[in-house]
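> Next up, structure.csv (CSV, C-alpha atoms).
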chain,number,residue,atom,x,y,z
A,1,MET,CA,84.1,74.2,99.2
A,2,ILE,CA,86.9,76.6,98.4
A,3,ARG,CA,89.5,73.9,98.6
A,4,PHE,CA,87.5,71.7,96.3
A,5,LEU,CA,87.0,74.4,93.8
A,6,ALA,CA,90.7,75.4,93.9
A,7,ARG,CA,91.7,71.8,93.2
A,8,LEU,CA,89.2,71.7,90.4
A,9,PHE,CA,89.9,75.0,88.7
A,10,ILE,CA,93.4,76.2,89.7
A,11,ARG,CA,96.4,74.4,88.3
A,12,ASP,CA,99.2,73.8,90.9
A,13,ALA,CA,97.0,75.3,93.6
A,14,ASP,CA,99.6,74.9,96.3
A,15,ASN,CA,102.2,77.1,94.6
A,16,ILE,CA,100.9,80.3,96.1
A,17,LYS,CA,104.1,82.2,95.2
A,18,ASP,CA,103.2,81.9,91.5
A,19,PRO,CA,101.4,85.2,90.5
A,20,ALA,CA,99.1,83.3,88.2
A,21,VAL,CA,98.0,81.0,91.1
A,22,ARG,CA,97.5,84.0,93.4
A,23,ARG,CA,95.4,85.8,90.8
A,24,ALA,CA,93.3,82.6,90.3
A,25,TYR,CA,92.6,82.4,94.0
A,26,GLY,CA,91.5,86.1,94.0
A,27,VAL,CA,89.2,85.5,91.1
A,28,LEU,CA,87.8,82.4,92.7
A,29,CYS,CA,87.1,84.0,96.1
A,30,GLY,CA,85.8,87.2,94.5
A,31,GLY,CA,83.3,85.1,92.3
A,32,MET,CA,82.3,83.1,95.3
A,33,GLY,CA,81.7,86.3,97.3
A,34,VAL,CA,79.5,87.8,94.6
A,35,ALA,CA,77.4,84.7,94.3
A,36,LEU,CA,76.8,84.1,98.1
A,37,ASN,CA,76.2,87.8,98.8
A,38,LEU,CA,73.6,88.1,96.0
A,39,LEU,CA,71.8,85.1,97.4
A,40,LEU,CA,71.9,86.5,100.9
A,41,PHE,CA,70.6,89.9,99.7
A,42,ALA,CA,67.6,88.3,97.9
A,43,GLY,CA,66.8,86.2,101.0
A,44,LYS,CA,67.1,89.0,103.5
A,45,LEU,CA,65.2,91.5,101.4
A,46,LEU,CA,62.3,89.0,101.2
A,47,ALA,CA,62.5,88.5,105.0
A,48,GLY,CA,62.7,92.2,105.7
A,49,LEU,CA,59.7,93.0,103.5
A,50,LEU,CA,57.6,90.3,105.0
A,51,SER,CA,58.4,91.3,108.6
A,52,GLY,CA,58.5,95.1,108.0
A,53,SER,CA,61.9,95.3,109.8
A,54,ILE,CA,64.2,98.2,108.8
A,55,SER,CA,67.2,96.4,110.4
A,56,VAL,CA,66.7,93.3,108.2
A,57,VAL,CA,66.2,95.3,105.0
A,58,ALA,CA,69.3,97.3,105.9
A,59,ASP,CA,71.2,94.1,106.5
A,60,ALA,CA,70.1,92.9,103.1
A,61,PHE,CA,71.5,96.0,101.4
A,62,ASN,CA,74.7,95.5,103.4
A,63,ASN,CA,75.0,92.1,101.6
A,64,LEU,CA,74.4,93.9,98.3
A,65,SER,CA,77.3,96.2,99.0
A,66,ASP,CA,79.4,93.2,100.0
A,67,ALA,CA,78.7,91.7,96.5
A,68,GLY,CA,79.9,95.0,95.0
A,69,SER,CA,83.0,94.8,97.3
A,70,SER,CA,83.7,91.2,96.0
A,71,VAL,CA,83.6,92.5,92.5
A,72,VAL,CA,86.1,95.2,93.4
A,73,THR,CA,88.3,92.6,95.1
A,74,LEU,CA,88.1,90.4,92.0
A,75,LEU,CA,89.0,93.2,89.7
A,76,GLY,CA,91.8,94.3,92.0
A,77,PHE,CA,93.5,90.8,91.8
A,78,LYS,CA,93.2,90.8,88.0
A,79,LEU,CA,94.6,94.3,87.5
A,80,ALA,CA,97.4,93.7,90.1
A,81,ALA,CA,98.6,90.7,88.1
A,82,HIS,CA,99.4,92.8,85.0
A,83,ALA,CA,103.1,92.7,84.1
A,84,PRO,CA,105.3,95.8,84.6
A,85,ASP,CA,105.4,98.3,81.8
A,86,ARG,CA,107.1,101.5,80.9
A,87,ASP,CA,104.9,103.6,83.1
A,88,HIS,CA,104.9,101.2,86.0
A,89,PRO,CA,108.3,99.4,86.1
A,90,PHE,CA,107.6,98.0,89.5
A,91,GLY,CA,104.4,96.3,88.4
A,92,HIS,CA,100.7,96.9,89.4
A,93,GLY,CA,100.7,94.9,92.7
A,94,ARG,CA,99.5,97.9,94.8
A,95,LEU,CA,96.2,97.9,93.0
A,96,GLU,CA,95.3,95.0,95.3
A,97,TYR,CA,95.8,97.3,98.2
A,98,ILE,CA,93.8,100.0,96.5
A,99,SER,CA,90.9,97.5,95.9
A,100,GLY,CA,91.0,96.7,99.6
A,101,LEU,CA,90.7,100.4,100.3
A,102,VAL,CA,87.7,100.8,98.0
A,103,VAL,CA,86.1,97.9,99.8
A,104,ALA,CA,86.7,99.6,103.1
A,105,VAL,CA,85.1,102.9,101.8
A,106,LEU,CA,82.0,101.0,100.6
A,107,ILE,CA,81.7,99.4,104.0
A,108,LEU,CA,81.9,102.8,105.8
A,109,LEU,CA,79.3,104.3,103.4
A,110,MET,CA,76.9,101.4,104.1
A,111,GLY,CA,77.5,101.7,107.8
A,112,ALA,CA,76.7,105.4,107.8
A,113,GLU,CA,73.5,104.9,105.7
A,114,LEU,CA,72.3,102.1,108.0
A,115,GLY,CA,72.9,104.4,111.0
A,116,ARG,CA,70.8,107.1,109.5
A,117,SER,CA,67.9,104.7,108.7
A,118,SER,CA,68.1,103.3,112.2
A,119,LEU,CA,67.8,106.7,113.8
A,120,GLU,CA,64.7,107.4,111.7
A,121,ARG,CA,63.2,104.1,112.9
A,122,LEU,CA,63.9,105.1,116.5
A,123,LEU,CA,62.1,108.4,116.0
A,124,HIS,CA,59.2,106.7,114.2
A,125,PRO,CA,58.9,103.1,115.5
A,126,GLU,CA,56.9,100.6,113.6
A,127,ALA,CA,55.7,97.1,114.5
A,128,VAL,CA,57.9,94.2,113.4
A,129,GLU,CA,56.6,90.7,112.8
A,130,LEU,CA,59.1,87.9,113.1
A,131,ARG,CA,58.0,85.1,110.9
A,132,PRO,CA,59.6,81.6,110.9
A,133,LEU,CA,60.9,82.1,107.4
A,134,THR,CA,62.6,85.3,108.5
A,135,ALA,CA,64.3,83.5,111.4
A,136,VAL,CA,65.5,80.7,109.2
A,137,ILE,CA,66.9,83.1,106.5
A,138,LEU,CA,68.8,85.1,109.2
A,139,THR,CA,70.2,82.0,110.8
A,140,VAL,CA,71.4,80.6,107.5
A,141,SER,CA,72.9,84.0,106.7
A,142,ILE,CA,74.9,84.0,109.9
A,143,LEU,CA,76.3,80.5,109.1
A,144,VAL,CA,77.2,81.5,105.5
A,145,LYS,CA,78.9,84.7,106.6
A,146,LEU,CA,81.0,82.8,109.2
A,147,TYR,CA,82.0,80.4,106.5
A,148,MET,CA,83.0,83.3,104.2
A,149,ALA,CA,85.0,84.9,107.0
A,150,ALA,CA,86.8,81.6,107.6
A,151,TYR,CA,87.9,81.0,104.0
A,152,ASN,CA,88.8,84.7,103.4
A,153,ARG,CA,90.9,84.8,106.6
A,154,SER,CA,92.7,81.5,105.8
A,155,LEU,CA,93.5,82.5,102.2
A,156,GLY,CA,94.3,86.1,103.3
A,157,ARG,CA,97.0,84.8,105.6
A,158,ARG,CA,98.3,82.3,103.0
A,159,LEU,CA,98.5,84.8,100.2
A,160,ASP,CA,99.4,87.8,102.5
A,161,SER,CA,96.5,89.7,101.0
A,162,PRO,CA,95.1,92.8,102.7
A,163,ALA,CA,92.1,92.7,100.4
A,164,MET,CA,91.1,89.2,101.5
A,165,SER,CA,91.8,90.0,105.1
A,166,ALA,CA,89.4,93.0,104.8
A,167,ALA,CA,86.8,90.8,103.2
A,168,ALA,CA,87.2,88.3,106.1
A,169,LEU,CA,86.7,91.1,108.7
A,170,ASP,CA,83.7,92.4,106.8
A,171,SER,CA,82.1,88.9,106.8
A,172,LEU,CA,82.7,88.4,110.5
A,173,SER,CA,81.1,91.8,111.3
A,174,ASP,CA,78.2,90.9,109.1
A,175,SER,CA,77.6,87.7,110.9
A,176,LEU,CA,77.6,89.5,114.3
A,177,ALA,CA,75.4,92.2,112.9
A,178,THR,CA,72.8,89.7,111.6
A,179,ALA,CA,72.9,87.9,114.9
A,180,VAL,CA,72.0,91.2,116.7
A,181,VAL,CA,69.2,91.7,114.2
A,182,LEU,CA,67.8,88.2,114.9
A,183,LEU,CA,68.1,88.5,118.6
A,184,GLY,CA,66.5,91.9,118.6
A,185,ALA,CA,63.6,90.6,116.5
A,186,LEU,CA,63.1,87.7,118.9
A,187,ALA,CA,63.2,89.9,121.9
A,188,GLY,CA,60.7,92.3,120.3
A,189,GLN,CA,58.3,89.4,119.5
A,190,LEU,CA,58.5,87.9,123.0
A,191,TRP,CA,58.3,91.1,125.1
A,192,ASP,CA,56.6,93.5,122.7
A,193,VAL,CA,59.4,96.1,122.8
A,194,ALA,CA,60.5,98.3,119.8
A,195,LEU,CA,64.2,97.2,119.4
A,196,ASP,CA,64.4,97.4,115.6
A,197,GLY,CA,66.0,100.8,115.5
A,198,TRP,CA,68.4,100.0,118.3
A,199,CYS,CA,69.4,96.8,116.6
A,200,GLY,CA,70.0,98.8,113.4
A,201,LEU,CA,72.3,101.1,115.3
A,202,VAL,CA,74.3,98.2,116.7
A,203,VAL,CA,74.6,96.7,113.2
A,204,SER,CA,75.8,100.1,111.9
A,205,ALA,CA,78.4,100.3,114.6
A,206,PHE,CA,79.7,96.8,113.7
A,207,ILE,CA,79.9,97.8,110.0
A,208,LEU,CA,81.7,101.1,110.7
A,209,TRP,CA,84.2,99.4,113.0
A,210,SER,CA,85.0,96.7,110.4
A,211,GLY,CA,85.3,99.4,107.7
A,212,LEU,CA,87.8,101.4,109.8
A,213,GLN,CA,89.9,98.3,110.5
A,214,ALA,CA,89.9,97.4,106.8
A,215,ALA,CA,90.9,100.9,105.8
A,216,LYS,CA,93.8,100.8,108.2
A,217,ASP,CA,95.0,97.5,106.9
A,218,THR,CA,95.1,98.8,103.3
A,219,ILE,CA,96.3,102.3,103.9
A,220,ASN,CA,99.3,101.3,105.9
A,221,PRO,CA,101.1,99.3,103.1
A,222,LEU,CA,100.2,102.1,100.6
A,223,LEU,CA,101.9,104.7,102.9
A,224,GLY,CA,104.8,102.4,103.5
A,225,GLN,CA,104.7,100.3,106.7
A,226,PRO,CA,107.8,98.5,108.1
A,227,PRO,CA,108.2,94.8,107.3
A,228,SER,CA,107.1,92.3,109.8
A,229,PRO,CA,109.6,91.1,112.4
A,230,GLU,CA,109.3,87.6,111.0
A,231,PHE,CA,110.3,88.8,107.5
A,232,VAL,CA,113.3,90.7,109.0
A,233,ARG,CA,114.4,87.7,110.9
A,234,GLN,CA,114.2,85.5,107.8
A,235,VAL,CA,116.3,88.0,105.8
A,236,ARG,CA,118.9,88.3,108.6
A,237,GLU,CA,119.2,84.5,109.1
A,238,LEU,CA,119.5,83.8,105.4
A,239,VAL,CA,122.2,86.5,104.8
A,240,LEU,CA,124.1,85.6,108.0
A,241,SER,CA,124.1,81.9,107.1
A,242,ARG,CA,127.0,82.8,104.7
A,243,PRO,CA,130.2,82.5,106.9
A,244,GLU,CA,131.8,85.4,105.0
A,245,ILE,CA,129.1,87.8,106.2
A,246,LEU,CA,129.6,89.0,109.8
A,247,GLY,CA,126.7,91.4,110.2
A,248,VAL,CA,123.7,93.1,108.6
A,249,HIS,CA,122.4,96.6,108.9
A,250,ASP,CA,120.5,99.4,107.1
A,251,LEU,CA,117.8,96.9,105.8
A,252,ILE,CA,115.2,98.7,103.7
A,253,VAL,CA,112.1,97.0,102.3
A,254,HIS,CA,110.1,98.5,99.5
A,255,ASP,CA,106.7,96.9,99.1
A,256,TYR,CA,105.1,97.2,95.6
A,257,GLY,CA,102.3,94.7,96.3
A,258,PRO,CA,102.2,91.1,97.5
A,259,GLY,CA,105.1,89.2,96.0
A,260,ARG,CA,106.8,92.4,94.7
A,261,ARG,CA,109.3,93.4,97.4
A,262,ILE,CA,112.6,95.0,96.7
A,263,ILE,CA,115.1,95.1,99.5
A,264,SER,CA,118.5,96.6,100.1
A,265,LEU,CA,120.9,96.1,103.0
A,266,HIS,CA,124.5,96.5,104.0
A,267,ALA,CA,126.5,93.3,104.8
A,268,GLU,CA,129.6,93.5,107.0
A,269,VAL,CA,132.5,91.5,105.6
A,270,PRO,CA,136.0,91.0,106.9
A,271,ALA,CA,138.3,93.8,105.6
A,272,GLU,CA,141.2,91.4,105.3
A,273,GLY,CA,139.2,88.9,103.1
A,274,SER,CA,139.5,88.4,99.4
A,275,PHE,CA,137.4,90.9,97.5
A,276,VAL,CA,136.4,88.5,94.8
A,277,ALA,CA,135.4,85.7,97.3
A,278,LEU,CA,133.4,88.2,99.4
A,279,HIS,CA,131.6,89.5,96.3
A,280,GLU,CA,130.7,86.0,95.2
A,281,ALA,CA,129.3,85.3,98.7
A,282,VAL,CA,127.2,88.5,98.6
A,283,ASP,CA,125.9,87.6,95.1
A,284,ALA,CA,125.0,84.2,96.3
A,285,ALA,CA,123.0,85.7,99.2
A,286,GLU,CA,121.2,88.0,96.8
A,287,ARG,CA,120.2,85.0,94.6
A,288,GLU,CA,119.0,83.0,97.6
A,289,LEU,CA,116.9,85.9,98.8
A,290,SER,CA,115.2,86.1,95.4
A,291,HIS,CA,114.7,82.3,95.2
A,292,THR,CA,113.6,81.7,98.8
A,293,MET,CA,111.7,84.8,99.7
A,294,GLY,CA,110.6,86.0,96.3
A,295,CYS,CA,112.2,89.5,96.6
A,296,HIS,CA,114.7,91.4,94.5
A,297,ALA,CA,117.7,92.2,96.7
A,298,THR,CA,120.7,94.5,96.5
A,299,ILE,CA,123.5,94.1,99.0
A,300,HIS,CA,126.2,96.6,99.7
A,301,MET,CA,129.5,95.4,101.2
A,302,ASP,CA,130.9,97.1,104.3
A,303,PRO,CA,134.4,96.0,105.3
A,304,VAL,CA,135.1,95.7,109.0
A,305,VAL,CA,138.3,94.8,110.8
A,306,SER,CA,137.7,91.4,112.5
A,307,ASP,CA,141.3,90.4,113.5
A,308,GLY,CA,140.7,90.5,117.2
A,309,GLY,CA,143.0,93.6,117.5
A,310,LEU,CA,142.4,97.1,118.7
A,311,THR,CA,139.8,98.1,116.2
A,312,GLU,CA,137.6,95.1,117.0
A,313,ARG,CA,138.0,95.6,120.7
A,314,THR,CA,137.2,99.3,120.5
A,315,ARG,CA,134.1,98.6,118.3
A,316,LYS,CA,132.7,96.2,120.9
A,317,GLU,CA,133.3,98.8,123.7
A,318,VAL,CA,131.6,101.6,121.7
A,319,ALA,CA,128.7,99.3,120.9
A,320,ALA,CA,128.2,98.6,124.6
A,321,LEU,CA,128.4,102.4,125.3
A,322,ALA,CA,125.7,103.0,122.6
A,323,ASP,CA,123.4,100.5,124.2
A,324,GLU,CA,123.8,102.2,127.6
A,325,ILE,CA,122.9,105.5,126.1
A,326,TYR,CA,119.6,104.1,124.8
A,327,PRO,CA,118.6,100.4,124.5
A,328,GLY,CA,118.5,99.3,120.9
A,329,LEU,CA,120.9,102.0,119.7
A,330,THR,CA,123.4,100.2,117.4
A,331,ILE,CA,126.6,101.2,115.5
A,332,HIS,CA,128.1,100.1,112.2
A,333,ASP,CA,130.7,101.2,109.6
A,334,PHE,CA,133.2,101.4,112.4
A,335,ARG,CA,136.9,102.2,111.8
A,336,LEU,CA,139.9,103.8,113.5
A,337,VAL,CA,142.0,106.3,111.6
A,338,PRO,CA,145.2,107.1,113.5
A,339,GLY,CA,146.4,110.8,113.3
A,340,LYS,CA,149.4,112.7,114.5
A,341,ASP,CA,148.0,113.6,117.9
A,342,ARG,CA,144.6,111.8,118.1
A,343,THR,CA,142.9,108.7,116.6
A,344,LYS,CA,139.6,109.3,114.8
A,345,VAL,CA,136.9,106.9,115.8
A,346,ILE,CA,134.5,107.0,112.9
A,347,PHE,CA,131.2,105.2,112.9
A,348,GLU,CA,127.4,105.5,112.2
A,349,ALA,CA,124.7,104.9,114.7
A,350,SER,CA,121.1,103.7,114.0
A,351,ILE,CA,118.5,105.1,116.4
A,352,PRO,CA,115.4,103.0,117.1
A,353,TYR,CA,112.0,104.5,116.7
A,354,GLY,CA,110.5,105.5,120.1
A,355,CYS,CA,113.8,107.0,121.2
A,356,VAL,CA,113.0,110.2,123.2
A,357,LEU,CA,116.4,111.7,122.5
A,358,SER,CA,117.0,113.9,119.5
A,359,ASP,CA,119.5,113.0,116.8
A,360,GLN,CA,121.8,115.7,118.0
A,361,GLU,CA,121.6,114.6,121.7
A,362,VAL,CA,122.4,111.0,120.7
A,363,LYS,CA,125.3,112.2,118.7
A,364,ARG,CA,126.6,114.4,121.5
A,365,ARG,CA,126.4,111.6,124.1
A,366,LEU,CA,128.1,109.1,121.8
A,367,GLN,CA,131.0,111.4,121.1
A,368,ALA,CA,131.4,112.3,124.8
A,369,ALA,CA,131.3,108.6,125.8
A,370,VAL,CA,133.9,107.6,123.2
A,371,GLU,CA,136.3,110.4,124.2
A,372,ARG,CA,135.9,109.4,127.9
A,373,LEU,CA,136.9,105.9,126.8
A,374,ASP,CA,140.3,107.1,125.8
A,375,SER,CA,141.6,110.7,125.9
A,376,THR,CA,143.4,110.2,122.6
A,377,TYR,CA,140.2,109.4,120.7
A,378,ALA,CA,138.3,111.9,118.6
A,379,ALA,CA,134.8,110.6,117.9
A,380,VAL,CA,133.2,111.3,114.4
A,381,ALA,CA,129.7,109.9,114.7
A,382,GLU,CA,126.8,110.1,112.2
A,383,VAL,CA,123.3,109.2,113.4
A,384,GLU,CA,120.3,108.0,111.4
A,385,ARG,CA,116.8,106.6,111.9
A,386,GLY,CA,116.2,103.1,110.7
A,387,TYR,CA,113.3,101.8,108.5
A,388,LEU,CA,112.4,98.8,110.7
As structure tokens, what does this structure read like?


Amino acid sequence: MIRFLARLFIRDADNIKDPAVRRAYGVLCGGMGVALNLLLFAGKLLAGLLSGSISVVADAFNNLSDAGSSVVTLLGFKLAAHAPDRDHPFGHGRLEYISGLVVAVLILLMGAELGRSSLERLLHPEAVELRPLTAVILTVSILVKLYMAAYNRSLGRRLDSPAMSAAALDSLSDSLATAVVLLGALAGQLWDVALDGWCGLVVSAFILWSGLQAAKDTINPLLGQPPSPEFVRQVRELVLSRPEILGVHDLIVHDYGPGRRIISLHAEVPAEGSFVALHEAVDAAERELSHTMGCHATIHMDPVVSDGGLTERTRKEVAALADEIYPGLTIHDFRLVPGKDRTKVIFEASIPYGCVLSDQEVKRRLQAAVERLDSTYAAVAEVERGYL
């Protein structure tokens, strides 16, 4: 259905990198979510009132909150697509993350309210009558929610949208919750046991869990999470495909919303090369990153000696020593500066996250290792924590 509607209403629907296409998908899925959730709310409310089941009525109002969440998602996509302005030069893309966070908060509030109602039903149990119409409505609701989870999850991955991923998780938890309500009602009808309150608590737990997961998925990019390993790999491969560029380090990715990434990195280039030719190669890499990966890139050139002589041999030896001190510890900006009595070995080291050693301890060990390598060396090391 979504694919059919996309072909019908979205021009160039396969061009998901186009902000207009992305916004159109968000509006389409938001509108579809509002319509389906309102229908489910009406059906479940009727079923809950007929059967006298608190868990069915609560599940109905959960769908009403989902309709509100779909409205928030729809508005988030429309607002996030606004062009940059003087007050927001990086655009409004993070509003999509904020809309996902609002959806998560609504999910948590509904889960808490459902838990309260279910506890009241446990303390004051009432008879529940499962009618055929109620069973049919709940079964159809499960199928509809599974369908909504499938298309939101698929589009969430294609568009890299936390808001749609949150909606998919919410729909999946809703389908599981409704299944619990249906099974509880059947068991209560067959064996004459009061399971309505317990089923409501299980539904509440599903909703709260999905709300927490959705909140995590939207808070992380707002706080500033590292780029995915796949994104880092693509950037490295693209930049290093230029024969003039020997290495890459200090990659930093700023995420201002889906499709609004700004990256900076240092590219190692041969010190003996032509400055103009190397600058052209770096410019070409920046343009390709923009065209291929849709991100604005700034690349700083770091000259390195690559003539196979003493500097390059020493750099490889120091790199091996760094990896022995802690796996994943890397060096860059390496150079030798001969002096009257000693040769300065100057470099920077990037410490991976998870390293149990302090910055000062890493620096001390690196300097000691270099000076053991050759008594005429004086190590000048600076250490830093990476952003990956």

> Might you pull out every residue within 9 Å of Val370 of chain A, with all atoms listed in the file counted and same-chain residues fewer than 3 positions away left off, and present them as a ChimeraX atom specification?

/A:317-318,321,345,365-367,373-375,377-379

> Counting only C-alpha atoms, which residues of segment 148-209 of chain A fall within 10 Å of segment 43-54 of chain A, and what is the closest atom pair for each with its distance in Å at one decimal, ordered by chain and rising number, as a tab-separated table?


residue	atom	partner	partner_atom	distance
A:Thr178	CA	A:Lys44	CA	9.9
A:Val181	CA	A:Ser53	CA	9.3
A:Ala185	CA	A:Ser53	CA	8.4
A:Asp196	CA	A:Ser53	CA	6.7
A:Gly197	CA	A:Ile54	CA	7.4
A:Cys199	CA	A:Ile54	CA	9.5
A:Gly200	CA	A:Ile54	CA	7.4

> Excluding His296 of chain A and any residue of its chain fewer than 3 positions from it, enumerate the residues within 7 Å of it, using only C-alpha atoms, and give them as a list in words.

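Once the adjacent positions are removed, what remains is Arg261, Ile262, Ile263 and Ser290 of chain A.
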
> Could you check how far atom CA of Ala150 of chain A sits from atom CA of Ala168 of chain A, in Å to one decimal?

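Answer for the atom CA of Ala150 of chain A to atom CA of Ala168 of chain A separation: 6.9 Å.
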
> Which residues of segment 43-116 of chain A have any atom within 9 Å of an atom in segment 207-221 of chain A when counting only C-alpha atoms, and what is the closest pair of atoms for each, with the distance in Å to one decimal? Order the rows by chain and rising number and write it as a tab-separated table.


residue	atom	partner	partner_atom	distance
A:Asn62	CA	A:Ile207	CA	8.7
A:Arg94	CA	A:Pro221	CA	8.6
A:Glu96	CA	A:Thr218	CA	8.9
A:Tyr97	CA	A:Thr218	CA	5.4
A:Ile98	CA	A:Thr218	CA	7.0
A:Ser99	CA	A:Thr218	CA	8.6
A:Gly100	CA	A:Thr218	CA	5.9
A:Leu101	CA	A:Ala215	CA	5.5
A:Val102	CA	A:Ala215	CA	8.4
A:Val103	CA	A:Ala214	CA	8.0
A:Ala104	CA	A:Gly211	CA	4.8
A:Val105	CA	A:Gly211	CA	6.9
A:Leu106	CA	A:Gly211	CA	8.0
A:Ile107	CA	A:Gly211	CA	5.2
A:Leu108	CA	A:Gly211	CA	5.2
A:Leu109	CA	A:Leu208	CA	8.3
A:Met110	CA	A:Ile207	CA	7.5
A:Gly111	CA	A:Ile207	CA	5.1
A:Ala112	CA	A:Leu208	CA	7.2
A:Leu114	CA	A:Ile207	CA	9.0

> From the set A:Ser274, A:Ser228, A:Ser69, A:Ser264, which residue has the shortest atom-to-atom contact distance to Leu289 of chain A, counting all atoms listed in the file?

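So, comparing all the options, the nearest one is A:Ser264.
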
> Please tell me which residues are no farther than 12 Å from (115.7, 109.3, 114.5) in the file, counting all atoms listed in the file, and write them as a list in words.

Leu329, Ala349, Ser350, Ile351, Pro352, Tyr353, Gly354, Cys355, Val356, Leu357, Ser358, Asp359, Gln360, Glu361, Val362, Lys363, Glu382, Val383, Glu384, Arg385, Gly386, Tyr387 and Leu388 of chain A

> Out of A:Ala187, A:Leu119, A:Ala81, A:Leu176, which residue has the shortest atom-to-atom distance to Arg22 of chain A when counting only C-alpha atoms?

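Of A:Ala187, A:Leu119, A:Ala81, A:Leu176, the one nearest Arg22 of chain A, counting only C-alpha atoms, is A:Ala81.
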
> For a quick check of understanding, using all atoms listed in the file, which of A:Val202, A:Ala167, A:Ala80, A:Leu155 has the smallest distance to Gly33 of chain A?

A:Ala167

> Check the smallest atom-to-atom distance from each of A:Thr376, A:Glu268, A:Asp283, A:Leu172 to Asp341 of chain A using only C-alpha atoms, then report the winner.

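Smallest separation from Asp341 of chain A among the options: A:Thr376.
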
> Any idea what the distance is between atom CA of Val269 of chain A and atom CA of Val305 of chain A?

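One can read the atom CA of Val269 of chain A to atom CA of Val305 of chain A distance as 8.5 Å.
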